[in-house]
There are 4 protein chains.
Amino acid sequence: MQSAAELGAAPAEAFQAAVGHCYEKSPWIAERAHAQAAPFDSLTAVEAALWEVVSSATEEEQLALLNAHPDLAGKAALAGELTSDSTEEQRRAGLNSLTPEEMARFTEMNTAYKAKYGFPFILAIRNATKRTILGAYETRLRNSRGVELAACLAQVRKIAWMRLRMVAAPAPTGKLTCHVLDTCRGCPAANMTVTLRYLGGSSDSGDDAPAVVGEFVTNSDGRLDGPALAGAAFKEGQYEWTFGVGEYFAVAGVPTSGTPFLAEVPIRFGIDNPEQHYHVPLLCSPWSFSTYRGS
Amino acid sequence: MQSAAELGAAPAEAFQAAVGHCYEKSPWIAERAHAQAAPFDSLTAVEAALWEVVSSATEEEQLALLNAHPDLAGKAALAGELTSDSTEEQRRAGLNSLTPEEMARFTEMNTAYKAKYGFPFILAIRNATKRTILGAYETRLRNSRGVELAACLAQVRKIAWMRLRMVAAPAPTGKLTCHVLDTCRGCPAANMTVTLRYLGGSSDSGDDAPAVVGEFVTNSDGRLDGPALAGAAFKEGQYEWTFGVGEYFAVAGVPTSGTPFLAEVPIRFGIDNPEQHYHVPLLCSPWSFSTYRGS
Amino acid sequence: MQSAAELGAAPAEAFQAAVGHCYEKSPWIAERAHAQAAPFDSLTAVEAALWEVVSSATEEEQLALLNAHPDLAGKAALAGELTSDSTEEQRRAGLNSLTPEEMARFTEMNTAYKAKYGFPFILAIRNATKRTILGAYETRLRNSRGVELAACLAQVRKIAWMRLRMVAAPAPTGKLTCHVLDTCRGCPAANMTVTLRYLGGSSDSGDDAPAVVGEFVTNSDGRLDGPALAGAAFKEGQYEWTFGVGEYFAVAGVPTSGTPFLAEVPIRFGIDNPEQHYHVPLLCSPWSFSTYRGS
Amino acid sequence: MQSAAELGAAPAEAFQAAVGHCYEKSPWIAERAHAQAAPFDSLTAVEAALWEVVSSATEEEQLALLNAHPDLAGKAALAGELTSDSTEEQRRAGLNSLTPEEMARFTEMNTAYKAKYGFPFILAIRNATKRTILGAYETRLRNSRGVELAACLAQVRKIAWMRLRMVAAPAPTGKLTCHVLDTCRGCPAANMTVTLRYLGGSSDSGDDAPAVVGEFVTNSDGRLDGPALAGAAFKEGQYEWTFGVGEYFAVAGVPTSGTPFLAEVPIRFGIDNPEQHYHVPLLCSPWSFSTYRGS
């Protein structure tokens, strides 16, 4: 796979060949983005330029983009006419194995949606299930057309980003950091064990097996001594911290129950853009904890 | 196994036979507790009566109780003279397989502790590791004698509770409940999937395999329609909720990233006293969550 | 002021006279709402019916509604031609005392906004400042037309609700409740002092002076023994709890610093719809706290 | 007032004259601390050295220290024989104006406490009220003697620190920082207004009037551009942040209610040791917020 730097420096034709498919059947988006903003130093910059083209396009162009997308589980899928990207995405959501009843429900919803808004229902389905999709249909059919136009464009943007991530490796600018605070005693939680596991990514490539990717002990400020992951080792996917909270409070002499309410605390989180900094801290007492995407 | 009600109604001799061993080599505690407070309607009430005896005993009696405990990994263990409860507890903490260096370190700490305070270091070790125990030695050797006397009695209390739980089944008064709030939109999180898994208990009995014990969908108030577990089904051990946070926000149309920061959110927690009510809620946005023991 | 029940039962003409002005110069909204859904048992129900008319109106009707609104600080204001509702709302936001530079900036933004979207910028300004309004212009000028159409309708909805609240007293269905949990010890915070102050409402009526409206002590479940406010006593406006957190932990013997990090903890919050239940709890340790709108 | 550096460098006699009174009628503590650890570079270091003497003293010496303290509201107070420090501290807690019934209750509690433990009940009362003190009596009379010995020593330590702060100005090493995160959108909260008020300190000096001490706007990382207070400007006392949360979300276009649930959010907190770093952040959505002492 080429690097983000290689892609970003590519001439128009090569860029087009690599990126043109990210927005479904709408190669004009990559074309304009390259013309307006190349070169790029990151996938993030490529993505921003593509989206700038979409969001400043005319409403006619935006509608054409939306209408280039197949119905979810629709006729094109039955007829085997989807792009390979779309086929794969629909397969992963389980849409290739619908029961006849489910297929009827999808068709009904698709029809109602298209009739109301004039463009097909779009959902970035790589992480979705049939239940999610049917729930989203119901929610979104209550919205105004303007809201749905914006929502479908936002979904299309997510799909393009997922496809773009498979085109080139991210720039090595991202990192993952941690911080643990003891809210019971009002201090950094020092000397706590922290394990980081990679649980797998969105793609189907074979090197994605779940694995421990780091074992740490917090320092006197409650932090790891450096990023838990950075550069090429930091990739899209699901991760999980496990914090030794029970042991920490037992060592500290803070009263807990015999079977502690919190022993090994997992925090599961997803990395969408490995070119960014993700700070994922833990605030904990023996009886409560919280986490958030920090900065 | 007898019920809490049967144990609580037992005459002095049978009560003594069942409960006398809970406080190490100190049958006088169960004797006095029965005389003062029987009958009992729950393990919680038995435990409270036992502890009342301990906490109102003279300091000489308290010291005798502490001194009835073996050194962790000490001479009695080497000589095979521990009570079967203690042997089992030390084995589970890995103390039967110490390296010579570890054994030397434990002996050194034991000696320092006993020299400073006049009683042995005690830690409820059923959930501890060698690392925890050595860390706790270092923290606790900095305390005053009064603090350590209280700390060791608190540990002995935990050990007695763990042993008591194996004597009789808990009264069926406990339950586990849940509530999910959407902090992004300021409302109950309705229609979210919640799975409850039992991850195993402290005892070694064979019926403790991890298992899904409940699958739920939150109602319009963000709650399950009743307790997730109650009565006999609610037992000591480790549990884990898994909340379908990513799907919930996707259906709601709240913007998230393509690989969501929060998709399936696990909350792992321990139940120490299955006769009580444990309320374990989730507050979540697409980018943060927290939990706590509620009421 | 009439009651929500009286308003809800009013015949078409009286309803129209009372409610017709809530959506600016668009009496057809109240007309249709009454025809479709009267009678109503609450202001909440009236509001929902009005909004249902707006959201299911044609895009032409929606645009007419938006275009019935004056520019913020625009020509109509200068010429004294605003409705009295609008005049008052603009005065409260400080828009009647703009400097010439500020007036020029408002005019410039108004013009840019209207040119881009075809309808005027609308913001429910009763709680806004000049800084808010100018910041919002900049954010919103980056949105797509569909998003802004929806956003302006949402603002118009808020304005209508504020006006409706002045038409009739709310139905006495709302209440305010509280719950305090001690996250340091994992239990309800019993016996904590809680004071409730009313800090004033959005209207200018003279009976709005800040005042202590309740003094409480939490019970053994960490709750007040009933609602802090309910029925007619529960009205729109800003409120503030003050929790005696420092005293609570001092009494409990939980270690704190001499000047405690948390002593008297204020939680200031707004009530928008006094017909609803607002649950505003506190989770606290000596070193952290959180609150949220619960249920 | 001398500086911490001047005090820390003072020869034994001057140090003794300045610090000897901090532990009630126990000048030997300052004497030993100076002999063991002088010179000192901060009040924190002086305090640590004093406490090291106390915590490593014999139990007889510790009991002598505790017994040097007057009963709260006891005979010495009635007879006007208290040290001036104690007189002032008891006056501030309202103990010089007890009703006869209250006086009787205090006397009863004092007597019970002293009879059970052999030393007087001690509470750092500068921030306490009669209600706190009576509540603490009840809690603490349930403890074991060792726990109470440790608790009274911890209270004496707090009292000494409060007195020491009046002896010399703190070293200018402390600072106050802030960080605001938007948990609704998972990003730093940029461009939010933050006001810092000083609400007063523990001492009675006349320069303590409440005042705005800083007005800020968060930068793109959600932080202030530097410490809100540092060095000599950072002193013991109560402070309050006010965050413009309502305006922030209005500008961002995040949906809120017309009267927002959160508009101006106050966070009130105490600074005990102005030589330290206090990080007091805000995590907020339109419907929830939390804070904690960070690092």
# chains A, B, ... in the order shown; residues from 1 in each chain; ligands from 1
>>> select_by_dssp(residues="region 40-116 of chain A", states="helix (DSSP H, G or I)", output="PyMOL selection string")
chain A and resi 43-55+59-67+75-78+84-92+95-97+100-116
>>> write_last_selection(atoms="C-alpha atoms", output="mmCIF file, in the first residue's frame")
data_model
loop_
_atom_site.group_PDB
_atom_site.id
_atom_site.type_symbol
_atom_site.label_atom_id
_atom_site.label_comp_id
_atom_site.auth_asym_id
_atom_site.auth_seq_id
_atom_site.Cartn_x
_atom_site.Cartn_y
_atom_site.Cartn_z
ATOM 1 C CA LEU A 43 -5.204 11.317 4.231
ATOM 2 C CA THR A 44 -6.930 13.843 6.467
ATOM 3 C CA ALA A 45 -6.047 16.597 4.003
ATOM 4 C CA VAL A 46 -7.211 14.520 1.022
ATOM 5 C CA GLU A 47 -10.478 13.812 2.792
ATOM 6 C CA ALA A 48 -11.010 17.462 3.667
ATOM 7 C CA ALA A 49 -10.447 18.501 0.061
ATOM 8 C CA LEU A 50 -12.886 15.888 -1.239
ATOM 9 C CA TRP A 51 -15.503 16.985 1.250
ATOM 10 C CA GLU A 52 -14.970 20.648 0.431
ATOM 11 C CA VAL A 53 -15.869 19.803 -3.175
ATOM 12 C CA VAL A 54 -19.003 17.965 -2.076
ATOM 13 C CA SER A 55 -20.214 20.569 0.381
ATOM 14 C CA GLU A 59 -27.669 20.968 -4.921
ATOM 15 C CA GLU A 60 -28.098 19.312 -8.316
ATOM 16 C CA GLU A 61 -24.615 17.839 -8.094
ATOM 17 C CA GLN A 62 -25.215 16.712 -4.529
ATOM 18 C CA LEU A 63 -28.441 15.003 -5.572
ATOM 19 C CA ALA A 64 -26.647 13.313 -8.441
ATOM 20 C CA LEU A 65 -24.055 12.022 -5.988
ATOM 21 C CA LEU A 66 -26.729 10.627 -3.685
ATOM 22 C CA ASN A 67 -28.645 9.110 -6.550
ATOM 23 C CA LYS A 75 -32.655 -4.308 -7.071
ATOM 24 C CA ALA A 76 -29.101 -3.599 -8.132
ATOM 25 C CA ALA A 77 -27.856 -5.917 -5.409
ATOM 26 C CA LEU A 78 -30.222 -8.651 -6.559
ATOM 27 C CA SER A 84 -17.396 -4.105 -5.634
ATOM 28 C CA ASP A 85 -17.094 -1.609 -2.775
ATOM 29 C CA SER A 86 -20.853 -1.601 -2.292
ATOM 30 C CA THR A 87 -21.163 -5.376 -2.582
ATOM 31 C CA GLU A 88 -18.595 -5.905 0.117
ATOM 32 C CA GLU A 89 -20.153 -3.279 2.393
ATOM 33 C CA GLN A 90 -23.632 -4.773 2.048
ATOM 34 C CA ARG A 91 -22.315 -8.284 2.644
ATOM 35 C CA ARG A 92 -20.613 -7.250 5.896
ATOM 36 C CA LEU A 95 -27.771 -7.721 3.763
ATOM 37 C CA ASN A 96 -26.918 -10.597 1.444
ATOM 38 C CA SER A 97 -28.812 -13.007 3.660
ATOM 39 C CA PRO A 100 -38.082 -12.618 2.360
ATOM 40 C CA GLU A 101 -39.880 -10.699 5.109
ATOM 41 C CA GLU A 102 -36.821 -8.590 5.820
ATOM 42 C CA MET A 103 -36.331 -7.972 2.124
ATOM 43 C CA ALA A 104 -39.935 -6.799 1.868
ATOM 44 C CA ARG A 105 -39.451 -4.451 4.811
ATOM 45 C CA PHE A 106 -36.275 -2.991 3.317
ATOM 46 C CA THR A 107 -37.992 -2.461 0.006
ATOM 47 C CA GLU A 108 -40.944 -0.775 1.657
ATOM 48 C CA MET A 109 -38.691 1.569 3.624
ATOM 49 C CA ASN A 110 -36.520 2.355 0.607
ATOM 50 C CA THR A 111 -39.590 3.227 -1.398
ATOM 51 C CA ALA A 112 -41.097 5.411 1.303
ATOM 52 C CA TYR A 113 -37.819 7.220 1.828
ATOM 53 C CA LYS A 114 -37.180 7.867 -1.834
ATOM 54 C CA ALA A 115 -40.737 9.009 -2.362
ATOM 55 C CA LYS A 116 -40.505 11.498 0.493
#
>>> closest_atom_pairs(of="region 251-282 of chain B", to="region 189-200 of chain B", cutoff="10 Å", atoms="only C-alpha atoms", output="CSV")
residue,atom,partner,partner_atom,distance
B:Val251,CA,B:Asn191,CA,9.6
B:Ala252,CA,B:Ala189,CA,9.7
B:Glu264,CA,B:Val194,CA,9.5
B:Val265,CA,B:Val194,CA,9.5
B:Pro266,CA,B:Thr195,CA,9.2
B:Ile267,CA,B:Leu196,CA,9.5
B:Arg268,CA,B:Leu199,CA,9.0
B:Phe269,CA,B:Leu199,CA,9.7
B:Gly270,CA,B:Leu199,CA,9.4
B:Leu282,CA,B:Ala189,CA,9.5
>>> write_last_selection(atoms="N, CA, C and O atoms", output="PDB file, in the first residue's frame")
ATOM      1  N   VAL B 251     -28.785   5.054  15.054  1.00  0.00           N
ATOM      2  CA  VAL B 251     -30.226   5.079  14.817  1.00  0.00           C
ATOM      3  C   VAL B 251     -30.798   6.471  15.125  1.00  0.00           C
ATOM      4  O   VAL B 251     -31.679   6.976  14.435  1.00  0.00           O
ATOM      5  N   ALA B 252     -30.253   7.097  16.171  1.00  0.00           N
ATOM      6  CA  ALA B 252     -30.766   8.404  16.570  1.00  0.00           C
ATOM      7  C   ALA B 252     -30.366   9.509  15.598  1.00  0.00           C
ATOM      8  O   ALA B 252     -30.901  10.613  15.657  1.00  0.00           O
ATOM      9  N   GLU B 264     -19.644  -1.106  20.928  1.00  0.00           N
ATOM     10  CA  GLU B 264     -20.120  -1.953  22.013  1.00  0.00           C
ATOM     11  C   GLU B 264     -19.359  -1.552  23.276  1.00  0.00           C
ATOM     12  O   GLU B 264     -18.143  -1.717  23.347  1.00  0.00           O
ATOM     13  N   VAL B 265     -20.048  -1.028  24.267  1.00  0.00           N
ATOM     14  CA  VAL B 265     -19.398  -0.553  25.499  1.00  0.00           C
ATOM     15  C   VAL B 265     -19.568  -1.584  26.608  1.00  0.00           C
ATOM     16  O   VAL B 265     -20.687  -1.831  27.063  1.00  0.00           O
ATOM     17  N   PRO B 266     -18.468  -2.205  27.063  1.00  0.00           N
ATOM     18  CA  PRO B 266     -18.573  -3.128  28.202  1.00  0.00           C
ATOM     19  C   PRO B 266     -18.406  -2.384  29.524  1.00  0.00           C
ATOM     20  O   PRO B 266     -17.648  -1.428  29.613  1.00  0.00           O
ATOM     21  N   ILE B 267     -19.167  -2.805  30.517  1.00  0.00           N
ATOM     22  CA  ILE B 267     -19.001  -2.335  31.901  1.00  0.00           C
ATOM     23  C   ILE B 267     -18.866  -3.583  32.770  1.00  0.00           C
ATOM     24  O   ILE B 267     -19.825  -4.345  32.905  1.00  0.00           O
ATOM     25  N   ARG B 268     -17.679  -3.795  33.307  1.00  0.00           N
ATOM     26  CA  ARG B 268     -17.424  -4.997  34.100  1.00  0.00           C
ATOM     27  C   ARG B 268     -17.473  -4.642  35.585  1.00  0.00           C
ATOM     28  O   ARG B 268     -16.861  -3.654  35.981  1.00  0.00           O
ATOM     29  N   PHE B 269     -18.211  -5.410  36.361  1.00  0.00           N
ATOM     30  CA  PHE B 269     -18.363  -5.047  37.772  1.00  0.00           C
ATOM     31  C   PHE B 269     -18.533  -6.315  38.619  1.00  0.00           C
ATOM     32  O   PHE B 269     -18.933  -7.363  38.116  1.00  0.00           O
ATOM     33  N   GLY B 270     -18.234  -6.169  39.891  1.00  0.00           N
ATOM     34  CA  GLY B 270     -18.324  -7.309  40.797  1.00  0.00           C
ATOM     35  C   GLY B 270     -19.470  -7.162  41.769  1.00  0.00           C
ATOM     36  O   GLY B 270     -19.778  -6.067  42.226  1.00  0.00           O
ATOM     37  N   LEU B 282     -25.577   3.517  33.075  1.00  0.00           N
ATOM     38  CA  LEU B 282     -24.635   4.048  32.083  1.00  0.00           C
ATOM     39  C   LEU B 282     -25.095   5.444  31.675  1.00  0.00           C
ATOM     40  O   LEU B 282     -26.246   5.640  31.291  1.00  0.00           O
TER      41      LEU B 282
END
>>> interface_residues(of="chain A", to="chain B", cutoff="6 Å", atoms="only C-alpha atoms", output="list in words")
Thr132, Gly135, Ala136, Lys158, Glu247, Val251, Gly258, Thr259, Pro260, Phe261, Leu262, Phe269, Gly270, Asp272, Trp287, Ser288, Phe289, Ser290, Thr291, Tyr292 and Arg293 of chain A
>>> write_last_selection(atoms="N, CA, C and O atoms", output="short mmCIF file (atom, residue, chain, number, x, y, z; two decimals), in the first residue's frame")
data_model
loop_
_atom_site.label_atom_id
_atom_site.label_comp_id
_atom_site.auth_asym_id
_atom_site.auth_seq_id
_atom_site.Cartn_x
_atom_site.Cartn_y
_atom_site.Cartn_z
N THR A 132 -29.96 -1.97 13.18
CA THR A 132 -29.57 -0.56 13.10
C THR A 132 -30.21 0.11 11.89
O THR A 132 -30.74 1.21 11.97
N GLY A 135 -33.93 0.62 12.28
CA GLY A 135 -34.18 1.68 13.25
C GLY A 135 -33.90 3.05 12.65
O GLY A 135 -34.65 4.02 12.85
N ALA A 136 -32.80 3.14 11.89
CA ALA A 136 -32.44 4.42 11.30
C ALA A 136 -33.47 4.87 10.27
O ALA A 136 -33.80 6.05 10.18
N LYS A 158 -18.61 9.60 5.24
CA LYS A 158 -18.02 8.52 6.05
C LYS A 158 -17.59 7.35 5.17
O LYS A 158 -16.54 6.75 5.38
N GLU A 247 -6.72 -3.79 41.99
CA GLU A 247 -5.40 -3.93 42.60
C GLU A 247 -4.87 -2.58 43.09
O GLU A 247 -4.31 -2.48 44.18
N VAL A 251 -3.85 -1.88 46.97
CA VAL A 251 -2.50 -1.47 47.38
C VAL A 251 -2.55 -0.14 48.13
O VAL A 251 -1.83 0.08 49.10
N GLY A 258 -14.98 -7.27 49.41
CA GLY A 258 -14.15 -8.46 49.20
C GLY A 258 -14.07 -8.85 47.73
O GLY A 258 -12.99 -9.06 47.19
N THR A 259 -15.22 -8.98 47.10
CA THR A 259 -15.26 -9.05 45.64
C THR A 259 -15.42 -7.60 45.20
O THR A 259 -16.49 -7.02 45.35
N PRO A 260 -14.35 -6.97 44.74
CA PRO A 260 -14.43 -5.53 44.50
C PRO A 260 -15.43 -5.19 43.41
O PRO A 260 -15.61 -5.95 42.46
N PHE A 261 -16.11 -4.05 43.56
CA PHE A 261 -17.04 -3.61 42.53
C PHE A 261 -16.30 -3.41 41.21
O PHE A 261 -16.80 -3.77 40.15
N LEU A 262 -15.13 -2.84 41.28
CA LEU A 262 -14.30 -2.65 40.09
C LEU A 262 -12.97 -3.37 40.29
O LEU A 262 -12.23 -3.05 41.21
N PHE A 269 -12.74 1.20 22.75
CA PHE A 269 -12.94 2.42 21.95
C PHE A 269 -12.44 2.20 20.52
O PHE A 269 -11.61 1.33 20.27
N GLY A 270 -12.95 3.00 19.61
CA GLY A 270 -12.59 2.88 18.21
C GLY A 270 -11.72 4.03 17.75
O GLY A 270 -11.92 5.17 18.17
N ASP A 272 -10.88 6.04 14.46
CA ASP A 272 -11.36 6.28 13.10
C ASP A 272 -10.28 6.90 12.23
O ASP A 272 -10.17 6.58 11.05
N TRP A 287 -15.80 2.80 43.09
CA TRP A 287 -17.23 2.61 42.87
C TRP A 287 -17.75 3.34 41.64
O TRP A 287 -18.95 3.40 41.42
N SER A 288 -16.88 3.95 40.88
CA SER A 288 -17.34 4.71 39.72
C SER A 288 -16.17 4.91 38.77
O SER A 288 -15.02 4.91 39.20
N PHE A 289 -16.48 5.05 37.50
CA PHE A 289 -15.42 5.48 36.58
C PHE A 289 -16.04 6.17 35.39
O PHE A 289 -17.23 6.05 35.11
N SER A 290 -15.20 6.95 34.70
CA SER A 290 -15.65 7.57 33.46
C SER A 290 -14.49 7.72 32.52
O SER A 290 -13.32 7.67 32.92
N THR A 291 -14.82 7.87 31.26
CA THR A 291 -13.81 8.09 30.23
C THR A 291 -14.40 9.02 29.18
O THR A 291 -15.61 9.27 29.17
N TYR A 292 -13.56 9.53 28.31
CA TYR A 292 -14.01 10.44 27.26
C TYR A 292 -12.89 10.59 26.26
O TYR A 292 -11.74 10.26 26.55
N ARG A 293 -13.22 11.07 25.07
CA ARG A 293 -12.15 11.44 24.15
C ARG A 293 -11.62 12.79 24.58
O ARG A 293 -12.33 13.80 24.50
#
>>> select_by_dssp(residues="region 20-246 of chain A", states="strand (DSSP E or B)", output="count of residues only")
37
>>> residues_around(residues="Ala4 (chain C)", least_positions_apart="6", cutoff="6 Å", atoms="only C-alpha atoms", output="VMD selection string")
chain C and resid 42 to 43 168 to 171
>>> atom_distance(atom1="CA of Thr83 (chain A)", atom2="CA of Thr58 (chain A)")
25.0 Å
